[in-house]
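Undergrad: Take this structure, written in structure tokens, and hold onto it; I'll ask about it next.
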Amino acid sequence: MRYVYLIFILGVVGMVSILGPRGSKSTKPPLEVFPDMDRMPKYHPQAESGFFADGRTDRLPVDGSIARGTYIADEYLATGKRGETFGKGFPIEVDNDAIARGEDRYNIYCTVCHGGAGDGDGITKKYGMLTVANLTDARLSEYTDGQLYDVVKNGKGLMYGYADRLSVEDRWNVVLYVRALQRAANGSAKDLTPAKREELGL
Ligand code: HEC
């Protein structure tokens with residue numbers, strides 16, 4: 001029986017000396033019987049890296065990466081280009097709904113600078129933004145549809161692109177509405193049917 005007490009006491013002393021007094025704060029590193037993955041060689045977000053040439057630990061996606069679910073197989077729909085050149089025509093359904101949607105988006109995103117009529121007379125002019133393009137210019141009327149789409153998507157010169165604010169479909173809807181504005185600004189009696197011209201005495 002004596003031995004049993006002795007083993008018990010030795011056991012308790014052993015436990016206490018290995019585990020130490022629990023529950024008190026200490027700045028010393030804890031005893032690590034199994035360190036597992038407590039410490040790993042790793043980079044912290046935004047930290048400096050001696051490994052990469054640009055010194056950044058945060059890496060950008062590899063050039064040409066396409067986020068899952070965003071790949072568009074139709075090149076013209078996605079870029080406005082057929083091969084190397086900008087194409088003509090609309091890869092979306094052209095109807096009154098598309099124009100109405102285009103007008104709605106145009107009035108939200110473009111009117112401030114280009115004006116409701118597309119003539120470059122938006123509110124920002126009052127505040128000193130003087131180089132805004134007149135979308136009804138002959139120069140821009142001669143742009144192909146794909147070229148206009150490219151400006152909306154990627155921006156141009158001082159203008160910011162709208163790739164992150166307008167969906168692919170909406171960018172084309174806006175281009176369609178810009179076409180309508182160009183027609184409206186440069187229309188003539190020749191655009192009317194002969195019957196309508198006669199009716200108006202033109
Ligand atoms: C913050 C002001 C601003 C907004 C908003 C804006 N634009 Fe522009 N846009 C400009 C300026 C400035 C230019 C002239 C860019 C240059 O030549 O440096 C321009 C030029 C253009 C051009 C002619 C580009 C060329 O090749 O000459 C088109 C087309 C155009 N914008 C369409 C749009 C459409 C469509 C929208 C709405 C989706 C829009 N813009 C929204 C400021 C704006």
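Please note that chains go A, B, ... in the order of the structure tokens, that every chain numbers its residues from 1, and that ligands are numbered from 1 in the order shown.
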Could I get the residue neighbourhood of ligand 1 at 6 Å, counting only C-alpha atoms and all ligand atoms, as a list of chain:residue names?

TA: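 Taking only C-alpha atoms and all ligand atoms into account, the residues around ligand 1 at most 6 Å away are A:Tyr106, A:Tyr109, A:Cys110, A:Val112, A:Cys113, A:Thr131, A:Val132, A:Ala133, A:Leu135, A:Leu148, A:Val151, A:Val152, A:Lys156, A:Gly157, A:Leu158, A:Met159, A:Val174.
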
Undergrad: Could you find all residues in segment 70-199 of chain A that DSSP calls strand (DSSP E) from the backbone, and write them as a short mmCIF file (atom, residue, chain, number, x, y, z; two decimals) with N, CA, C and O atoms, in the first residue's frame?

TA:
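Wrote it out as out01.cif, contents follow:
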data_model
loop_
_atom_site.label_atom_id
_atom_site.label_comp_id
_atom_site.auth_asym_id
_atom_site.auth_seq_id
_atom_site.Cartn_x
_atom_site.Cartn_y
_atom_site.Cartn_z
N LYS A 81 -14.61 43.29 -80.74
CA LYS A 81 -13.64 43.05 -81.82
C LYS A 81 -13.91 41.72 -82.51
O LYS A 81 -14.32 40.74 -81.87
N ARG A 82 -13.61 41.70 -83.81
CA ARG A 82 -13.55 40.43 -84.54
C ARG A 82 -12.11 40.29 -84.98
O ARG A 82 -11.68 41.02 -85.86
N THR A 85 -9.78 43.74 -85.42
CA THR A 85 -10.50 44.97 -85.74
C THR A 85 -11.87 45.03 -85.07
O THR A 85 -12.49 44.01 -84.80
N PHE A 86 -12.31 46.27 -84.80
CA PHE A 86 -13.63 46.47 -84.22
C PHE A 86 -14.69 46.10 -85.24
O PHE A 86 -14.56 46.44 -86.41
#

Undergrad: Find the residues of segment 35-110 of chain A that sit at most 12 Å from segment 163-167 of chain A; for each, write down the nearest two atoms and how far apart they are in Å, to one decimal. Count only C-alpha atoms. Sort by chain, then by number going up, and give it as JSON lines.

TA:
{"residue": "A:Thr70", "atom": "CA", "partner": "A:Ser167", "partner_atom": "CA", "distance": 10.8}
{"residue": "A:Ile72", "atom": "CA", "partner": "A:Ser167", "partner_atom": "CA", "distance": 12.0}
{"residue": "A:Leu77", "atom": "CA", "partner": "A:Ser167", "partner_atom": "CA", "distance": 11.2}
{"residue": "A:Ala78", "atom": "CA", "partner": "A:Ser167", "partner_atom": "CA", "distance": 10.1}
{"residue": "A:Thr79", "atom": "CA", "partner": "A:Ala163", "partner_atom": "CA", "distance": 10.7}
{"residue": "A:Arg101", "atom": "CA", "partner": "A:Leu166", "partner_atom": "CA", "distance": 11.5}
{"residue": "A:Gly102", "atom": "CA", "partner": "A:Leu166", "partner_atom": "CA", "distance": 10.5}
{"residue": "A:Asp104", "atom": "CA", "partner": "A:Leu166", "partner_atom": "CA", "distance": 11.7}
{"residue": "A:Arg105", "atom": "CA", "partner": "A:Leu166", "partner_atom": "CA", "distance": 8.2}
{"residue": "A:Tyr106", "atom": "CA", "partner": "A:Leu166", "partner_atom": "CA", "distance": 10.2}
{"residue": "A:Ile108", "atom": "CA", "partner": "A:Leu166", "partner_atom": "CA", "distance": 10.7}
{"residue": "A:Tyr109", "atom": "CA", "partner": "A:Arg165", "partner_atom": "CA", "distance": 8.8}
{"residue": "A:Cys110", "atom": "CA", "partner": "A:Leu166", "partner_atom": "CA", "distance": 11.5}

Undergrad: Can I get the selected residues back with N, CA, C and O atoms, as a compact mmCIF listing (two decimals), in the first residue's frame?

TA:
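Saved result, result12.txt, follows:
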# COMPACT_ATOMS: atom_id res chain seq x y z
N THR A 70 -17.17 33.75 -65.58
CA THR A 70 -17.26 35.02 -66.31
C THR A 70 -16.77 34.90 -67.76
O THR A 70 -16.73 35.88 -68.47
N ILE A 72 -16.78 34.52 -71.55
CA ILE A 72 -17.76 34.68 -72.61
C ILE A 72 -17.14 34.16 -73.90
O ILE A 72 -16.12 34.69 -74.36
N LEU A 77 -19.11 39.78 -78.69
CA LEU A 77 -19.97 40.20 -77.58
C LEU A 77 -19.14 40.74 -76.42
O LEU A 77 -19.46 41.75 -75.81
N ALA A 78 -18.02 40.08 -76.13
CA ALA A 78 -17.21 40.45 -74.97
C ALA A 78 -16.30 41.64 -75.22
O ALA A 78 -16.07 42.45 -74.32
N THR A 79 -15.77 41.78 -76.46
CA THR A 79 -14.74 42.79 -76.69
C THR A 79 -15.11 43.84 -77.75
O THR A 79 -14.45 44.87 -77.85
N ARG A 101 -33.71 50.16 -71.99
CA ARG A 101 -32.74 49.80 -70.95
C ARG A 101 -31.45 50.64 -71.13
O ARG A 101 -30.87 51.12 -70.17
N GLY A 102 -31.05 50.81 -72.39
CA GLY A 102 -29.88 51.62 -72.70
C GLY A 102 -30.07 53.07 -72.25
O GLY A 102 -29.17 53.67 -71.66
N ASP A 104 -32.04 54.11 -69.89
CA ASP A 104 -32.03 54.10 -68.42
C ASP A 104 -30.59 54.10 -67.88
O ASP A 104 -30.23 54.90 -67.02
N ARG A 105 -29.74 53.22 -68.41
CA ARG A 105 -28.34 53.14 -67.95
C ARG A 105 -27.58 54.40 -68.36
O ARG A 105 -26.76 54.91 -67.62
N TYR A 106 -27.83 54.88 -69.58
CA TYR A 106 -27.16 56.09 -70.06
C TYR A 106 -27.44 57.25 -69.11
O TYR A 106 -26.54 57.98 -68.71
N ILE A 108 -28.17 57.19 -66.06
CA ILE A 108 -27.50 57.01 -64.77
C ILE A 108 -26.01 57.27 -64.90
O ILE A 108 -25.42 58.00 -64.11
N TYR A 109 -25.38 56.68 -65.92
CA TYR A 109 -23.91 56.66 -65.96
C TYR A 109 -23.26 57.69 -66.87
O TYR A 109 -22.08 58.00 -66.70
N CYS A 110 -23.96 58.18 -67.86
CA CYS A 110 -23.28 59.01 -68.88
C CYS A 110 -23.74 60.46 -68.89
O CYS A 110 -22.96 61.35 -69.26

Undergrad: With only C-alpha atoms as the counted atoms, please give the residues lying no more than 12 Å from Ala100 of chain A, apart from itself and same-chain residues fewer than 4 positions off, as an NGL selection string.

TA: :A and (94-96 or 104-107 or 170 or 173-178 or 180)

Undergrad: Only all heavy atoms, please: the residues just picked out, written as a short mmCIF file (atom, residue, chain, number, x, y, z; two decimals), in the first residue's frame.

TA:
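As written to disk, out.cif reads:
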data_model
loop_
_atom_site.label_atom_id
_atom_site.label_comp_id
_atom_site.auth_asym_id
_atom_site.auth_seq_id
_atom_site.Cartn_x
_atom_site.Cartn_y
_atom_site.Cartn_z
N VAL A 94 -31.90 43.56 -80.73
CA VAL A 94 -32.17 44.99 -80.87
C VAL A 94 -33.68 45.21 -80.94
O VAL A 94 -34.32 44.84 -81.92
CB VAL A 94 -31.49 45.56 -82.14
CG1 VAL A 94 -31.91 47.00 -82.37
CG2 VAL A 94 -29.98 45.46 -82.01
N ASP A 95 -34.22 45.74 -79.86
CA ASP A 95 -35.65 46.04 -79.86
C ASP A 95 -35.91 47.23 -78.92
O ASP A 95 -34.96 47.79 -78.36
CB ASP A 95 -36.47 44.81 -79.43
CG ASP A 95 -35.99 44.24 -78.10
OD1 ASP A 95 -35.27 44.96 -77.37
OD2 ASP A 95 -36.29 43.07 -77.80
N ASN A 96 -37.15 47.60 -78.78
CA ASN A 96 -37.46 48.79 -77.96
C ASN A 96 -37.04 48.60 -76.50
O ASN A 96 -36.62 49.55 -75.85
CB ASN A 96 -38.95 49.12 -78.04
CG ASN A 96 -39.29 49.75 -79.37
OD1 ASN A 96 -38.41 50.34 -80.02
ND2 ASN A 96 -40.54 49.63 -79.79
N ASP A 104 -32.04 54.11 -69.89
CA ASP A 104 -32.03 54.10 -68.42
C ASP A 104 -30.59 54.10 -67.88
O ASP A 104 -30.23 54.90 -67.02
CB ASP A 104 -32.76 52.82 -67.99
CG ASP A 104 -32.81 52.68 -66.48
OD1 ASP A 104 -33.46 53.53 -65.86
OD2 ASP A 104 -32.19 51.72 -65.96
N ARG A 105 -29.74 53.22 -68.41
CA ARG A 105 -28.34 53.14 -67.95
C ARG A 105 -27.58 54.40 -68.36
O ARG A 105 -26.76 54.91 -67.62
CB ARG A 105 -27.63 51.91 -68.55
CG ARG A 105 -28.19 50.56 -68.13
CD ARG A 105 -28.01 50.29 -66.67
NE ARG A 105 -29.27 50.52 -65.97
CZ ARG A 105 -29.43 50.35 -64.68
NH1 ARG A 105 -28.45 49.95 -63.92
NH2 ARG A 105 -30.60 50.61 -64.11
N TYR A 106 -27.83 54.88 -69.58
CA TYR A 106 -27.16 56.09 -70.06
C TYR A 106 -27.44 57.25 -69.11
O TYR A 106 -26.54 57.98 -68.71
CB TYR A 106 -27.62 56.43 -71.48
CG TYR A 106 -26.96 57.70 -72.02
CD1 TYR A 106 -25.80 57.64 -72.78
CD2 TYR A 106 -27.50 58.96 -71.73
CE1 TYR A 106 -25.18 58.79 -73.24
CE2 TYR A 106 -26.89 60.11 -72.18
CZ TYR A 106 -25.73 60.04 -72.94
OH TYR A 106 -25.11 61.19 -73.37
N ASN A 107 -28.72 57.37 -68.73
CA ASN A 107 -29.08 58.51 -67.87
C ASN A 107 -28.44 58.40 -66.48
O ASN A 107 -28.18 59.40 -65.84
CB ASN A 107 -30.60 58.64 -67.75
CG ASN A 107 -31.18 59.22 -69.03
OD1 ASN A 107 -30.48 59.93 -69.77
ND2 ASN A 107 -32.43 58.90 -69.32
N ASP A 170 -25.66 45.33 -70.84
CA ASP A 170 -25.99 46.74 -70.63
C ASP A 170 -25.05 47.67 -71.39
O ASP A 170 -25.45 48.73 -71.85
CB ASP A 170 -25.97 47.09 -69.14
CG ASP A 170 -27.30 46.74 -68.47
OD1 ASP A 170 -28.29 46.56 -69.21
OD2 ASP A 170 -27.34 46.66 -67.23
N ASN A 173 -26.48 47.77 -74.67
CA ASN A 173 -27.72 48.55 -74.63
C ASN A 173 -27.41 50.04 -74.67
O ASN A 173 -28.08 50.81 -75.35
CB ASN A 173 -28.53 48.23 -73.36
CG ASN A 173 -29.12 46.84 -73.38
OD1 ASN A 173 -29.37 46.28 -74.44
ND2 ASN A 173 -29.32 46.27 -72.21
N VAL A 174 -26.37 50.45 -73.92
CA VAL A 174 -25.98 51.87 -73.89
C VAL A 174 -25.49 52.31 -75.27
O VAL A 174 -25.85 53.38 -75.75
CB VAL A 174 -24.90 52.13 -72.80
CG1 VAL A 174 -24.25 53.49 -72.99
CG2 VAL A 174 -25.51 52.04 -71.41
N VAL A 175 -24.69 51.45 -75.92
CA VAL A 175 -24.20 51.79 -77.26
C VAL A 175 -25.40 51.98 -78.21
O VAL A 175 -25.44 52.93 -79.00
CB VAL A 175 -23.25 50.70 -77.80
CG1 VAL A 175 -22.90 50.95 -79.26
CG2 VAL A 175 -21.98 50.64 -76.96
N LEU A 176 -26.37 51.10 -78.06
CA LEU A 176 -27.58 51.20 -78.89
C LEU A 176 -28.26 52.55 -78.67
O LEU A 176 -28.68 53.23 -79.61
CB LEU A 176 -28.52 50.05 -78.53
CG LEU A 176 -29.71 49.82 -79.44
CD1 LEU A 176 -29.26 49.50 -80.85
CD2 LEU A 176 -30.56 48.66 -78.89
N TYR A 177 -28.34 52.97 -77.42
CA TYR A 177 -28.98 54.25 -77.11
C TYR A 177 -28.15 55.42 -77.63
O TYR A 177 -28.70 56.41 -78.11
CB TYR A 177 -29.23 54.38 -75.60
CG TYR A 177 -29.99 55.64 -75.27
CD1 TYR A 177 -31.30 55.81 -75.71
CD2 TYR A 177 -29.40 56.68 -74.55
CE1 TYR A 177 -32.00 56.97 -75.45
CE2 TYR A 177 -30.09 57.84 -74.28
CZ TYR A 177 -31.39 57.99 -74.73
OH TYR A 177 -32.09 59.14 -74.49
N VAL A 178 -26.82 55.29 -77.58
CA VAL A 178 -25.95 56.35 -78.14
C VAL A 178 -26.22 56.47 -79.64
O VAL A 178 -26.29 57.57 -80.18
CB VAL A 178 -24.46 56.04 -77.86
CG1 VAL A 178 -23.54 56.97 -78.66
CG2 VAL A 178 -24.16 56.18 -76.37
N ALA A 180 -29.05 55.90 -81.02
CA ALA A 180 -30.34 56.59 -81.13
C ALA A 180 -30.14 58.09 -80.97
O ALA A 180 -30.74 58.89 -81.69
CB ALA A 180 -31.32 56.05 -80.08
#

Undergrad: Would you please give, as a PyMOL selection string, all residues of segment 110-142 of chain A that DSSP assigns to alpha helix (DSSP H) based on the backbone?

TA: chain A and resi 111-114+138-141

Undergrad: Using only C-alpha atoms, which of the listed residues (A:Thr27, A:Thr124, A:Gln182, A:Thr111) sits closest to Arg139 of chain A?

TA: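 Closest candidate: A:Gln182.
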